[in-house]
$ cat model27.csv   # CSV, C-alpha atoms
chain,number,residue,atom,x,y,z
A,7,MET,CA,13.3,-18.0,-3.6
A,8,GLY,CA,13.1,-16.5,-7.1
A,9,LEU,CA,16.0,-14.4,-8.5
A,10,LEU,CA,13.8,-11.3,-8.9
A,11,ASP,CA,12.8,-11.5,-5.2
A,12,ALA,CA,16.4,-10.5,-4.4
A,13,GLY,CA,15.6,-7.0,-5.7
A,14,ILE,CA,17.5,-5.0,-8.3
A,15,THR,CA,19.5,-1.9,-7.5
A,16,LYS,CA,19.2,1.4,-9.2
A,17,HIS,CA,22.1,0.4,-11.5
A,18,ASN,CA,20.5,-2.8,-12.5
A,19,MET,CA,23.3,-4.7,-11.0
A,20,LEU,CA,22.9,-8.0,-9.4
A,21,VAL,CA,25.5,-10.3,-8.0
A,22,THR,CA,24.7,-14.0,-7.9
A,23,SER,CA,26.2,-17.3,-8.8
A,24,VAL,CA,26.1,-18.9,-12.3
A,25,ASP,CA,24.2,-21.8,-10.9
A,26,ASN,CA,21.5,-19.4,-9.7
A,27,VAL,CA,21.1,-17.7,-13.0
A,28,LEU,CA,21.1,-21.0,-15.0
A,29,ASN,CA,18.6,-22.6,-12.7
A,30,TRP,CA,16.4,-19.5,-12.7
A,31,ALA,CA,16.4,-19.4,-16.5
A,32,ARG,CA,15.6,-23.1,-16.8
A,33,LEU,CA,12.8,-23.2,-14.2
A,34,SER,CA,11.1,-20.1,-15.5
A,35,SER,CA,10.7,-21.4,-19.0
A,36,LEU,CA,9.9,-25.1,-18.8
A,37,TRP,CA,8.6,-26.0,-22.2
A,38,PRO,CA,6.7,-29.3,-22.1
A,39,MET,CA,6.2,-31.4,-25.2
A,40,GLY,CA,2.7,-31.1,-26.4
A,41,PHE,CA,1.4,-34.7,-26.4
A,42,GLY,CA,-1.2,-36.5,-24.4
A,43,LEU,CA,-2.0,-40.2,-24.4
A,44,ALA,CA,-5.4,-40.6,-22.6
A,45,CYS,CA,-7.8,-38.9,-20.2
A,46,CYS,CA,-5.0,-37.3,-18.2
A,47,ALA,CA,-4.3,-35.3,-21.3
A,48,ILE,CA,-7.7,-33.6,-20.9
A,49,GLU,CA,-6.7,-32.5,-17.4
A,50,MET,CA,-3.3,-31.4,-18.8
A,51,MET,CA,-5.1,-29.3,-21.5
A,52,ALA,CA,-7.3,-27.8,-18.9
A,53,THR,CA,-4.2,-26.9,-16.9
A,54,ASN,CA,-2.8,-25.2,-19.9
A,55,ALA,CA,-5.9,-23.3,-20.6
A,56,SER,CA,-7.0,-20.0,-19.2
A,57,ASN,CA,-8.5,-21.1,-15.8
A,58,TYR,CA,-5.2,-22.6,-14.5
A,59,ASP,CA,-3.0,-20.7,-17.0
A,60,LEU,CA,0.3,-22.5,-17.0
A,61,GLU,CA,1.9,-19.7,-19.0
A,62,ARG,CA,2.2,-17.7,-15.8
A,63,PHE,CA,4.9,-20.2,-14.9
A,64,GLY,CA,6.5,-19.8,-18.3
A,65,ILE,CA,5.2,-23.3,-19.2
A,66,PHE,CA,3.6,-23.7,-22.6
A,67,PRO,CA,3.6,-26.8,-24.9
A,68,ARG,CA,5.9,-27.1,-27.8
A,69,SER,CA,5.2,-29.2,-30.9
A,70,SER,CA,8.7,-30.6,-31.3
A,71,PRO,CA,10.8,-32.7,-28.9
A,72,ARG,CA,13.8,-30.7,-30.0
A,73,GLN,CA,12.4,-27.5,-28.5
A,74,SER,CA,11.2,-29.2,-25.2
A,75,ASP,CA,12.7,-29.4,-21.8
A,76,LEU,CA,10.0,-31.4,-20.1
A,77,MET,CA,8.0,-34.5,-21.1
A,78,ILE,CA,4.6,-34.8,-19.3
A,79,VAL,CA,3.6,-38.4,-19.8
A,80,ALA,CA,-0.1,-37.8,-19.6
A,81,GLY,CA,-2.0,-41.1,-19.8
A,82,THR,CA,-1.9,-44.8,-20.5
A,83,VAL,CA,1.3,-45.9,-22.2
A,84,THR,CA,0.6,-48.9,-24.4
A,85,MET,CA,3.3,-51.3,-25.5
A,86,LYS,CA,2.9,-49.9,-29.0
A,87,MET,CA,3.4,-46.3,-27.8
A,88,ALA,CA,6.3,-47.2,-25.4
A,89,GLU,CA,8.9,-47.3,-28.2
A,90,ARG,CA,7.6,-44.0,-29.6
A,91,VAL,CA,7.9,-42.4,-26.1
A,92,VAL,CA,11.5,-43.6,-25.9
A,93,ARG,CA,12.2,-42.2,-29.3
A,94,LEU,CA,10.7,-38.8,-28.4
A,95,TYR,CA,12.6,-38.7,-25.1
A,96,GLU,CA,15.8,-39.4,-27.0
A,97,GLN,CA,15.1,-36.5,-29.3
A,98,MET,CA,14.8,-34.0,-26.5
A,99,PRO,CA,18.0,-32.0,-25.8
A,100,GLU,CA,19.5,-32.1,-22.3
A,101,PRO,CA,18.8,-31.0,-19.7
A,102,ARG,CA,15.4,-32.8,-19.9
A,103,TYR,CA,12.9,-33.7,-17.3
A,104,VAL,CA,10.1,-36.3,-17.2
A,105,LEU,CA,6.9,-35.9,-15.2
A,106,SER,CA,4.8,-39.0,-15.1
A,107,MET,CA,1.1,-37.9,-14.8
A,108,GLY,CA,-1.6,-40.2,-13.4
A,109,SER,CA,-1.8,-43.8,-12.2
A,110,CYS,CA,-1.5,-45.4,-15.7
A,111,SER,CA,1.9,-43.9,-16.5
A,112,ASN,CA,3.0,-44.3,-12.9
A,113,CYS,CA,2.4,-48.0,-12.6
A,114,GLY,CA,-0.2,-49.2,-15.1
A,115,GLY,CA,-3.2,-47.9,-13.1
A,116,PRO,CA,-6.4,-49.9,-13.6
A,117,TYR,CA,-4.7,-52.0,-16.3
A,118,TRP,CA,-2.1,-53.4,-14.0
A,119,GLU,CA,-3.4,-56.9,-14.0
A,120,HIS,CA,-5.3,-57.6,-17.2
A,121,GLY,CA,-3.9,-54.9,-19.4
A,122,TYR,CA,-1.8,-57.1,-21.7
A,123,HIS,CA,-1.2,-54.1,-23.9
A,124,VAL,CA,-0.2,-51.5,-21.2
A,125,LEU,CA,3.2,-50.7,-20.0
A,126,LYS,CA,3.2,-51.0,-16.2
A,127,GLY,CA,4.9,-47.7,-15.5
A,128,VAL,CA,6.7,-45.4,-17.8
A,129,ASP,CA,9.8,-45.6,-15.6
A,130,ARG,CA,10.4,-49.0,-17.1
A,131,ILE,CA,11.6,-47.3,-20.3
A,132,ILE,CA,12.7,-43.7,-19.4
A,133,PRO,CA,13.9,-42.1,-16.1
A,134,VAL,CA,11.1,-40.3,-14.3
A,135,ASP,CA,11.8,-37.3,-12.1
A,136,VAL,CA,8.4,-36.5,-10.6
A,137,TYR,CA,5.3,-38.7,-10.2
A,138,VAL,CA,1.9,-37.1,-9.9
A,139,PRO,CA,-0.7,-39.5,-8.5
A,140,GLY,CA,-4.4,-39.4,-9.4
A,141,CYS,CA,-6.8,-40.9,-11.9
A,142,PRO,CA,-6.6,-38.4,-13.5
A,143,PRO,CA,-4.9,-35.8,-11.3
A,144,ARG,CA,-6.7,-32.5,-11.0
A,145,PRO,CA,-4.9,-29.5,-12.5
A,146,GLU,CA,-3.8,-28.4,-9.0
A,147,SER,CA,-2.0,-31.7,-8.6
A,148,LEU,CA,-0.3,-31.3,-12.0
A,149,ILE,CA,0.8,-27.8,-11.1
A,150,GLY,CA,2.1,-29.2,-7.8
A,151,GLY,CA,4.1,-31.7,-9.8
A,152,LEU,CA,5.4,-29.0,-12.1
A,153,MET,CA,6.5,-26.9,-9.1
A,154,LYS,CA,8.3,-30.0,-7.8
A,155,ILE,CA,10.2,-30.1,-11.1
A,156,GLN,CA,11.0,-26.4,-10.6
A,157,GLU,CA,12.3,-27.2,-7.1
A,158,LEU,CA,14.4,-30.0,-8.5
A,159,ILE,CA,15.9,-27.5,-11.0
A,160,ARG,CA,16.7,-25.2,-8.1
A,161,MET,CA,18.7,-28.0,-6.5
A,162,GLU,CA,21.0,-28.3,-9.5
A,163,GLN,CA,24.6,-27.2,-9.6
A,164,ILE,CA,27.2,-27.4,-12.3
A,165,GLY,CA,28.9,-30.7,-11.9
A,166,LEU,CA,26.1,-32.2,-9.8
A,167,SER,CA,24.4,-35.3,-11.2
A,168,ARG,CA,20.7,-35.6,-11.6
A,169,ALA,CA,20.6,-38.3,-9.0
A,170,ASP,CA,22.4,-36.1,-6.5
A,171,ALA,CA,20.0,-33.2,-7.2
A,172,LEU,CA,17.0,-35.5,-6.6
A,173,LYS,CA,18.6,-36.6,-3.3
A,174,LYS,CA,19.1,-33.0,-2.3
A,175,LEU,CA,15.4,-32.4,-3.2
A,176,ALA,CA,14.3,-35.3,-1.1
A,177,GLU,CA,16.3,-34.0,1.9
A,178,LYS,CA,14.9,-30.5,1.6
A,179,SER,CA,11.3,-31.6,1.0
A,180,VAL,CA,8.8,-30.5,3.7
A,181,ASP,CA,6.0,-32.7,4.9
A,182,PRO,CA,2.9,-30.8,3.8
A,183,ARG,CA,0.7,-32.3,6.6
A,184,PHE,CA,1.9,-29.7,9.2
A,185,ILE,CA,1.1,-26.8,6.8
A,186,ILE,CA,-2.3,-28.2,6.1
A,187,GLU,CA,-3.0,-28.8,9.8
A,188,ARG,CA,-1.8,-25.3,10.6
A,189,GLU,CA,-4.0,-23.7,7.9
A,190,ARG,CA,-7.0,-25.8,9.1
A,191,THR,CA,-6.7,-24.7,12.7
A,192,VAL,CA,-6.4,-21.1,11.6
A,193,VAL,CA,-9.5,-21.4,9.5
A,194,GLY,CA,-11.3,-23.3,12.2
A,195,ALA,CA,-10.5,-20.7,14.9
B,15,MET,CA,-43.3,-69.6,-30.8
B,16,GLU,CA,-45.1,-70.3,-27.6
B,17,GLU,CA,-48.8,-69.8,-27.8
B,18,GLY,CA,-50.4,-66.7,-26.3
B,19,LYS,CA,-47.0,-65.0,-26.0
B,20,VAL,CA,-47.1,-61.4,-27.2
B,21,ILE,CA,-44.3,-60.7,-29.6
B,22,SER,CA,-43.3,-57.2,-30.7
B,23,GLN,CA,-43.9,-55.8,-34.1
B,24,SER,CA,-40.1,-55.6,-34.8
B,25,LEU,CA,-39.6,-59.3,-33.8
B,26,GLN,CA,-42.4,-60.3,-36.2
B,27,GLU,CA,-40.8,-58.3,-39.0
B,28,SER,CA,-37.4,-59.9,-38.2
B,29,ALA,CA,-39.0,-63.3,-38.3
B,30,ALA,CA,-40.5,-62.5,-41.7
B,31,ALA,CA,-37.1,-61.3,-42.9
B,32,TYR,CA,-35.6,-64.5,-41.7
B,33,SER,CA,-38.1,-66.7,-43.6
B,34,ILE,CA,-37.1,-64.9,-46.8
B,35,ILE,CA,-33.5,-65.8,-46.3
B,36,HIS,CA,-34.5,-69.4,-45.2
B,37,GLU,CA,-36.6,-69.8,-48.3
B,38,LYS,CA,-33.5,-69.1,-50.5
B,39,PHE,CA,-30.8,-70.9,-48.5
B,40,GLY,CA,-32.7,-73.6,-46.7
B,41,SER,CA,-30.5,-75.8,-44.6
B,42,ALA,CA,-27.4,-73.6,-45.1
B,43,ILE,CA,-28.7,-71.6,-42.2
B,44,SER,CA,-30.0,-72.7,-38.8
B,45,ALA,CA,-33.5,-72.0,-37.3
B,46,LEU,CA,-34.2,-68.5,-36.0
B,47,ASP,CA,-33.7,-67.8,-32.3
B,48,ALA,CA,-36.6,-65.4,-32.0
B,49,ASN,CA,-35.6,-63.6,-28.8
B,50,GLU,CA,-36.8,-60.1,-28.2
B,51,THR,CA,-33.3,-58.6,-27.6
B,52,MET,CA,-31.6,-59.7,-30.8
B,53,PRO,CA,-33.1,-62.4,-33.0
B,54,PHE,CA,-30.3,-64.4,-34.6
B,55,PHE,CA,-29.5,-67.4,-36.8
B,56,GLU,CA,-26.3,-69.2,-37.5
B,57,VAL,CA,-24.8,-69.9,-40.8
B,58,VAL,CA,-24.3,-73.7,-40.9
B,59,ASP,CA,-22.6,-73.8,-44.4
B,60,THR,CA,-19.9,-71.3,-43.7
B,61,LEU,CA,-18.8,-71.2,-47.4
B,62,GLN,CA,-22.1,-69.6,-48.4
B,63,TRP,CA,-21.7,-66.7,-45.9
B,64,THR,CA,-20.7,-64.1,-48.5
B,65,GLU,CA,-23.5,-65.1,-50.8
B,66,ILE,CA,-26.0,-64.9,-47.9
B,67,ALA,CA,-24.6,-61.5,-47.0
B,68,LEU,CA,-25.1,-60.2,-50.5
B,69,PHE,CA,-28.6,-61.6,-50.6
B,70,MET,CA,-29.4,-59.9,-47.3
B,71,ARG,CA,-28.1,-56.6,-48.5
B,72,ASP,CA,-29.7,-56.6,-52.0
B,73,HIS,CA,-33.0,-58.3,-51.7
B,74,PRO,CA,-35.8,-55.7,-52.1
B,75,LYS,CA,-37.6,-56.9,-49.0
B,76,LEU,CA,-34.5,-57.3,-46.8
B,77,LYS,CA,-32.2,-54.4,-47.6
B,78,PHE,CA,-29.9,-54.9,-44.7
B,79,ASN,CA,-27.9,-51.8,-45.6
B,80,TYR,CA,-26.2,-51.3,-42.2
B,81,MET,CA,-23.8,-53.5,-40.4
B,82,ALA,CA,-24.0,-52.2,-36.9
B,83,CYS,CA,-21.3,-54.4,-35.4
B,84,LEU,CA,-19.1,-57.4,-36.0
B,85,SER,CA,-17.7,-59.1,-32.8
B,86,GLY,CA,-15.4,-62.0,-32.4
B,87,VAL,CA,-16.2,-64.8,-29.9
B,88,ASP,CA,-14.2,-67.7,-28.5
B,89,TYR,CA,-15.9,-70.9,-27.8
B,90,PRO,CA,-13.2,-73.1,-26.1
B,91,THR,CA,-15.6,-75.9,-25.1
B,92,GLU,CA,-16.7,-76.3,-28.7
B,93,GLU,CA,-13.2,-75.9,-30.0
B,94,LYS,CA,-14.5,-73.0,-32.2
B,95,LEU,CA,-14.1,-69.4,-32.9
B,96,GLY,CA,-16.9,-67.3,-34.3
B,97,ILE,CA,-18.2,-63.9,-35.2
B,98,ILE,CA,-21.5,-62.3,-34.5
B,99,CYS,CA,-22.8,-59.6,-37.0
B,100,ASN,CA,-25.6,-57.2,-36.3
B,101,PHE,CA,-27.6,-56.0,-39.2
B,102,GLU,CA,-30.3,-53.3,-39.5
B,103,SER,CA,-32.0,-51.7,-42.4
B,104,LEU,CA,-31.7,-48.0,-41.9
B,105,ALA,CA,-34.7,-45.8,-43.0
B,106,LEU,CA,-36.3,-48.7,-44.9
B,107,PHE,CA,-37.5,-51.5,-42.6
B,108,ASN,CA,-37.8,-52.2,-38.9
B,109,HIS,CA,-36.4,-55.7,-39.0
B,110,LYS,CA,-33.0,-56.5,-37.4
B,111,LEU,CA,-31.1,-59.7,-37.3
B,112,ALA,CA,-27.9,-61.0,-35.9
B,113,VAL,CA,-25.9,-63.6,-37.8
B,114,LYS,CA,-23.4,-66.1,-36.2
B,115,VAL,CA,-20.7,-67.7,-38.2
B,116,LYS,CA,-18.3,-70.2,-36.6
B,117,CYS,CA,-15.0,-71.8,-37.6
B,118,ALA,CA,-12.4,-74.2,-36.2
B,119,ARG,CA,-10.4,-72.8,-33.3
B,120,ASP,CA,-7.0,-73.8,-34.9
B,121,GLY,CA,-6.4,-72.4,-38.4
B,122,GLY,CA,-10.1,-71.8,-39.0
B,123,SER,CA,-11.3,-69.4,-41.6
B,124,ILE,CA,-14.5,-67.5,-42.4
B,125,PRO,CA,-15.4,-65.9,-45.7
B,126,SER,CA,-14.9,-62.1,-45.6
B,127,VAL,CA,-17.9,-59.8,-46.1
B,128,ALA,CA,-15.7,-56.7,-46.4
B,129,CYS,CA,-16.8,-56.5,-50.1
B,130,VAL,CA,-20.4,-56.4,-49.0
B,131,TRP,CA,-20.3,-53.9,-46.2
B,132,HIS,CA,-17.1,-51.8,-46.0
B,133,THR,CA,-17.7,-51.6,-42.3
B,134,ALA,CA,-16.6,-55.2,-42.1
B,135,ASN,CA,-13.1,-54.4,-43.3
B,136,TRP,CA,-11.8,-53.0,-40.0
B,137,HIS,CA,-14.1,-55.1,-37.8
B,138,GLU,CA,-12.8,-58.3,-39.4
B,139,ARG,CA,-9.3,-57.1,-38.9
B,140,GLU,CA,-10.1,-56.5,-35.2
B,141,ALA,CA,-11.6,-60.0,-34.8
B,142,TYR,CA,-8.5,-61.4,-36.5
B,143,ASP,CA,-6.3,-59.3,-34.2
B,144,MET,CA,-8.0,-60.5,-31.0
B,145,PHE,CA,-9.0,-64.1,-31.9
B,146,GLY,CA,-6.9,-65.2,-34.8
B,147,MET,CA,-9.4,-66.6,-37.3
B,148,THR,CA,-8.6,-65.7,-40.9
B,149,PHE,CA,-11.1,-64.1,-43.2
B,150,THR,CA,-10.7,-65.4,-46.7
B,151,GLY,CA,-11.0,-62.8,-49.4
B,152,HIS,CA,-10.3,-59.9,-47.1
B,153,PRO,CA,-8.4,-57.1,-49.0
B,154,GLU,CA,-5.9,-56.4,-46.2
B,155,LEU,CA,-6.0,-58.8,-43.3
B,156,ARG,CA,-3.4,-57.7,-40.8
B,157,ARG,CA,-3.5,-56.6,-37.1
B,158,ILE,CA,-5.3,-53.4,-36.4
B,159,LEU,CA,-4.7,-52.6,-32.7
B,160,CYS,CA,-1.8,-54.7,-31.5
B,161,PRO,CA,1.6,-54.2,-33.0
B,162,ASP,CA,2.3,-56.3,-36.1
B,163,ASP,CA,4.8,-58.5,-34.3
B,164,TRP,CA,2.6,-59.2,-31.3
B,165,GLU,CA,2.5,-62.8,-30.1
B,166,GLY,CA,-0.9,-64.5,-29.6
B,167,TYR,CA,-4.5,-63.4,-29.7
B,168,PRO,CA,-5.4,-61.5,-26.6
B,169,LEU,CA,-9.1,-62.1,-26.3
B,170,ARG,CA,-8.9,-65.9,-26.5
B,171,LYS,CA,-9.9,-67.5,-23.2
B,172,ASP,CA,-6.5,-69.3,-22.8
B,173,TYR,CA,-4.4,-66.3,-23.7
B,174,LYS,CA,-1.2,-65.9,-21.7
B,175,VAL,CA,0.6,-62.6,-21.9
B,176,GLN,CA,4.1,-62.6,-23.3
B,177,ASP,CA,6.9,-62.0,-20.8
B,178,GLN,CA,8.8,-59.5,-22.9
B,179,TYR,CA,8.0,-57.2,-25.8
B,180,HIS,CA,11.1,-55.8,-27.5
B,181,GLY,CA,13.0,-56.2,-24.3
B,182,ILE,CA,10.3,-54.4,-22.1
B,183,LYS,CA,8.8,-56.5,-19.4
B,184,VAL,CA,5.0,-56.9,-20.0
B,185,PRO,CA,3.5,-58.3,-16.8
B,186,TYR,CA,3.1,-56.1,-13.7
$ encode --input "model27.csv" --output "structure tokens"
Amino acid sequence: MGLLDAGITKHNMLVTSVDNVLNWARLSSLWPMGFGLACCAIEMMATNASNYDLERFGIFPRSSPRQSDLMIVAGTVTMKMAERVVRLYEQMPEPRYVLSMGSCSNCGGPYWEHGYHVLKGVDRIIPVDVYVPGCPPRPESLIGGLMKIQELIRMEQIGLSRADALKKLAEKSVDPRFIIERERTVVGA
Amino acid sequence: MEEGKVISQSLQESAAAYSIIHEKFGSAISALDANETMPFFEVVDTLQWTEIALFMRDHPKLKFNYMACLSGVDYPTEEKLGIICNFESLALFNHKLAVKVKCARDGGSIPSVACVWHTANWHEREAYDMFGMTFTGHPELRRILCPDDWEGYPLRKDYKVQDQYHGIKVPY
């Protein structure tokens, strides 16, 4: 539930908790760092462009890690790049979020066995909040992952650790199969 | 050449180009393997490779002005490493030739042709990066794709990936 959905009275007064305001501000302007590593970056750029228009979520890429809240690891992380990724992550101010996009950055992807030069999962070097499967994931999947990050931010409270927020998110998550099945029967009928 | 076998115009021209090189360098190069795909010869006297390259580039009837590719090869059974270079003569002739140069697998070296075709500069660095042969006379022979402190040469047949790189686990 977005904050604006609560409705604003004639006096422009709104009573809510600090957590709500902070979370709303954070999730409505997630600025990812503008960098791509392989073919996933093409899908990421397509998602940023007008057809999928990430700016409607307040998401638009920044050119500096110091201005970014979110790191989208879009593509194959080579061993050579791994150290740079860590450095970029460390340069981001907190609170920061990491979305691992595509099979390569999730687990090494097609390079898992013979890719001597590929890091088998970016979670070996930085903590990952959301994994988006696919090779590469379609823009819809990436948007799904980004909305998962927004949900995660919604779970946050002052004094609550990231691990607890992730646990809360996992508990609150809905199995989409029922929704898909329901939609399918409606369409079929 | 087998009798009655029809050979293409470009192969004939390649064979003619080869005979010009053979006339000059004689036993320093092997016989021509006149296949239709990519006719090639091997440099037997490796030390003459740069000289042969210069001759191939500058001779008025050869003018191999284009190095299309330089690939490294590992021959573990022969205990050798090698390179294969593909040459063409853009806009001048239809002939094309591949040249093989081999060296010892351990500590072997091949003369660099980076001074003849600038294309060879990065290609030789890549061959060095992946196979580990050195190119004598190369202006800047260091790894080009792998990190500078990478252990081993990844495209060798007996390559074993390192367990750790800067504290990061490498195998799956």
$ atom_distance --input "model27.csv" --atom1 "CA of Asn26 in chain A" --atom2 "CA of Gln163 in chain A"
8.4 Å
$ residues_around --input "model27.csv" --residues "Phe54 in chain B" --least-positions-apart "6" --cutoff "9 Å" --atoms "all atoms listed in the file" --output "list of chain:residue names"
B:Tyr32, B:Ala45, B:Leu46, B:Asp47, B:Ala48, B:Asn100, B:Lys110, B:Leu111, B:Ala112, B:Val113, B:Lys114
$ interface_residues --input "model27.csv" --of "chain A" --to "chain B" --cutoff "9 Å" --atoms "all atoms listed in the file" --output "JSON list (two decimals) with C-alpha atoms, keeping the file's coordinate frame"
[["chain", "number", "residue", "atom", "x", "y", "z"],
["A", 85, "MET", "CA", 3.30, -51.30, -25.50],
["A", 86, "LYS", "CA", 2.90, -49.90, -29.00],
["A", 88, "ALA", "CA", 6.30, -47.20, -25.40],
["A", 89, "GLU", "CA", 8.90, -47.30, -28.20],
["A", 113, "CYS", "CA", 2.40, -48.00, -12.60],
["A", 114, "GLY", "CA", -0.20, -49.20, -15.10],
["A", 118, "TRP", "CA", -2.10, -53.40, -14.00],
["A", 119, "GLU", "CA", -3.40, -56.90, -14.00],
["A", 120, "HIS", "CA", -5.30, -57.60, -17.20],
["A", 121, "GLY", "CA", -3.90, -54.90, -19.40],
["A", 122, "TYR", "CA", -1.80, -57.10, -21.70],
["A", 123, "HIS", "CA", -1.20, -54.10, -23.90],
["A", 124, "VAL", "CA", -0.20, -51.50, -21.20],
["A", 125, "LEU", "CA", 3.20, -50.70, -20.00],
["A", 126, "LYS", "CA", 3.20, -51.00, -16.20],
["A", 127, "GLY", "CA", 4.90, -47.70, -15.50],
["A", 130, "ARG", "CA", 10.40, -49.00, -17.10],
["A", 131, "ILE", "CA", 11.60, -47.30, -20.30]]
$ residues_around --input "model27.csv" --residues "Cys141 in chain A" --least-positions-apart "5" --cutoff "8 Å" --atoms "only C-alpha atoms" --output "PyMOL selection string"
chain A and resi 46+108-110+115
$ atom_distance --input "model27.csv" --atom1 "CA of Val128 in chain A" --atom2 "CA of Val180 in chain A"
26.2 Å
$ residues_around --input "model27.csv" --residues "Leu76 in chain A" --least-positions-apart "6" --cutoff "6 Å" --atoms "all atoms listed in the file" --output "list of chain:residue names"
A:Trp37, A:Pro38, A:Arg102, A:Tyr103, A:Val104
$ atom_distance --input "model27.csv" --atom1 "CA of Gly151 in chain B" --atom2 "CA of Lys77 in chain B"
22.9 Å
$ residues_around --input "model27.csv" --residues "Gln62 in chain B" --least-positions-apart "2" --cutoff "12 Å" --atoms "all atoms listed in the file" --output "JSON, numbers by chain"
{"B": [38, 39, 40, 41, 42, 43, 56, 57, 58, 59, 60, 64, 65, 66, 67, 68, 69, 115, 124, 125, 126, 127]}
$ write_last_selection --input "model27.csv" --atoms "C-alpha atoms" --output "PDB file, in the coordinates of the input"
ATOM      1  CA  LYS B  38     -33.500 -69.100 -50.500  1.00  0.00           C
ATOM      2  CA  PHE B  39     -30.800 -70.900 -48.500  1.00  0.00           C
ATOM      3  CA  GLY B  40     -32.700 -73.600 -46.700  1.00  0.00           C
ATOM      4  CA  SER B  41     -30.500 -75.800 -44.600  1.00  0.00           C
ATOM      5  CA  ALA B  42     -27.400 -73.600 -45.100  1.00  0.00           C
ATOM      6  CA  ILE B  43     -28.700 -71.600 -42.200  1.00  0.00           C
ATOM      7  CA  GLU B  56     -26.300 -69.200 -37.500  1.00  0.00           C
ATOM      8  CA  VAL B  57     -24.800 -69.900 -40.800  1.00  0.00           C
ATOM      9  CA  VAL B  58     -24.300 -73.700 -40.900  1.00  0.00           C
ATOM     10  CA  ASP B  59     -22.600 -73.800 -44.400  1.00  0.00           C
ATOM     11  CA  THR B  60     -19.900 -71.300 -43.700  1.00  0.00           C
ATOM     12  CA  THR B  64     -20.700 -64.100 -48.500  1.00  0.00           C
ATOM     13  CA  GLU B  65     -23.500 -65.100 -50.800  1.00  0.00           C
ATOM     14  CA  ILE B  66     -26.000 -64.900 -47.900  1.00  0.00           C
ATOM     15  CA  ALA B  67     -24.600 -61.500 -47.000  1.00  0.00           C
ATOM     16  CA  LEU B  68     -25.100 -60.200 -50.500  1.00  0.00           C
ATOM     17  CA  PHE B  69     -28.600 -61.600 -50.600  1.00  0.00           C
ATOM     18  CA  VAL B 115     -20.700 -67.700 -38.200  1.00  0.00           C
ATOM     19  CA  ILE B 124     -14.500 -67.500 -42.400  1.00  0.00           C
ATOM     20  CA  PRO B 125     -15.400 -65.900 -45.700  1.00  0.00           C
ATOM     21  CA  SER B 126     -14.900 -62.100 -45.600  1.00  0.00           C
ATOM     22  CA  VAL B 127     -17.900 -59.800 -46.100  1.00  0.00           C
TER      23      VAL B 127
END
$ residues_around --input "model27.csv" --residues "Ile149 in chain A" --least-positions-apart "6" --cutoff "9 Å" --atoms "only C-alpha atoms" --output "list in words"
Thr53, Tyr58 and Leu60 of chain A
$ residues_near_point --input "model27.csv" --point "(14.6, -35.5, -6.7)" --cutoff "12 Å" --atoms "all atoms listed in the file" --output "ChimeraX atom specification"
/A:103-105,133-137,151,154-162,167-179
$ closest_residue --input "model27.csv" --among "B:Leu95, B:Met81, B:Met52, B:Leu61" --to "Gly122 in chain B" --atoms "only C-alpha atoms"
B:Leu95
$ closest_residue --input "model27.csv" --among "A:Met153, A:Ile164, A:Leu94, A:Ala80" --to "Ile48 in chain A" --atoms "all atoms listed in the file"
A:Ala80
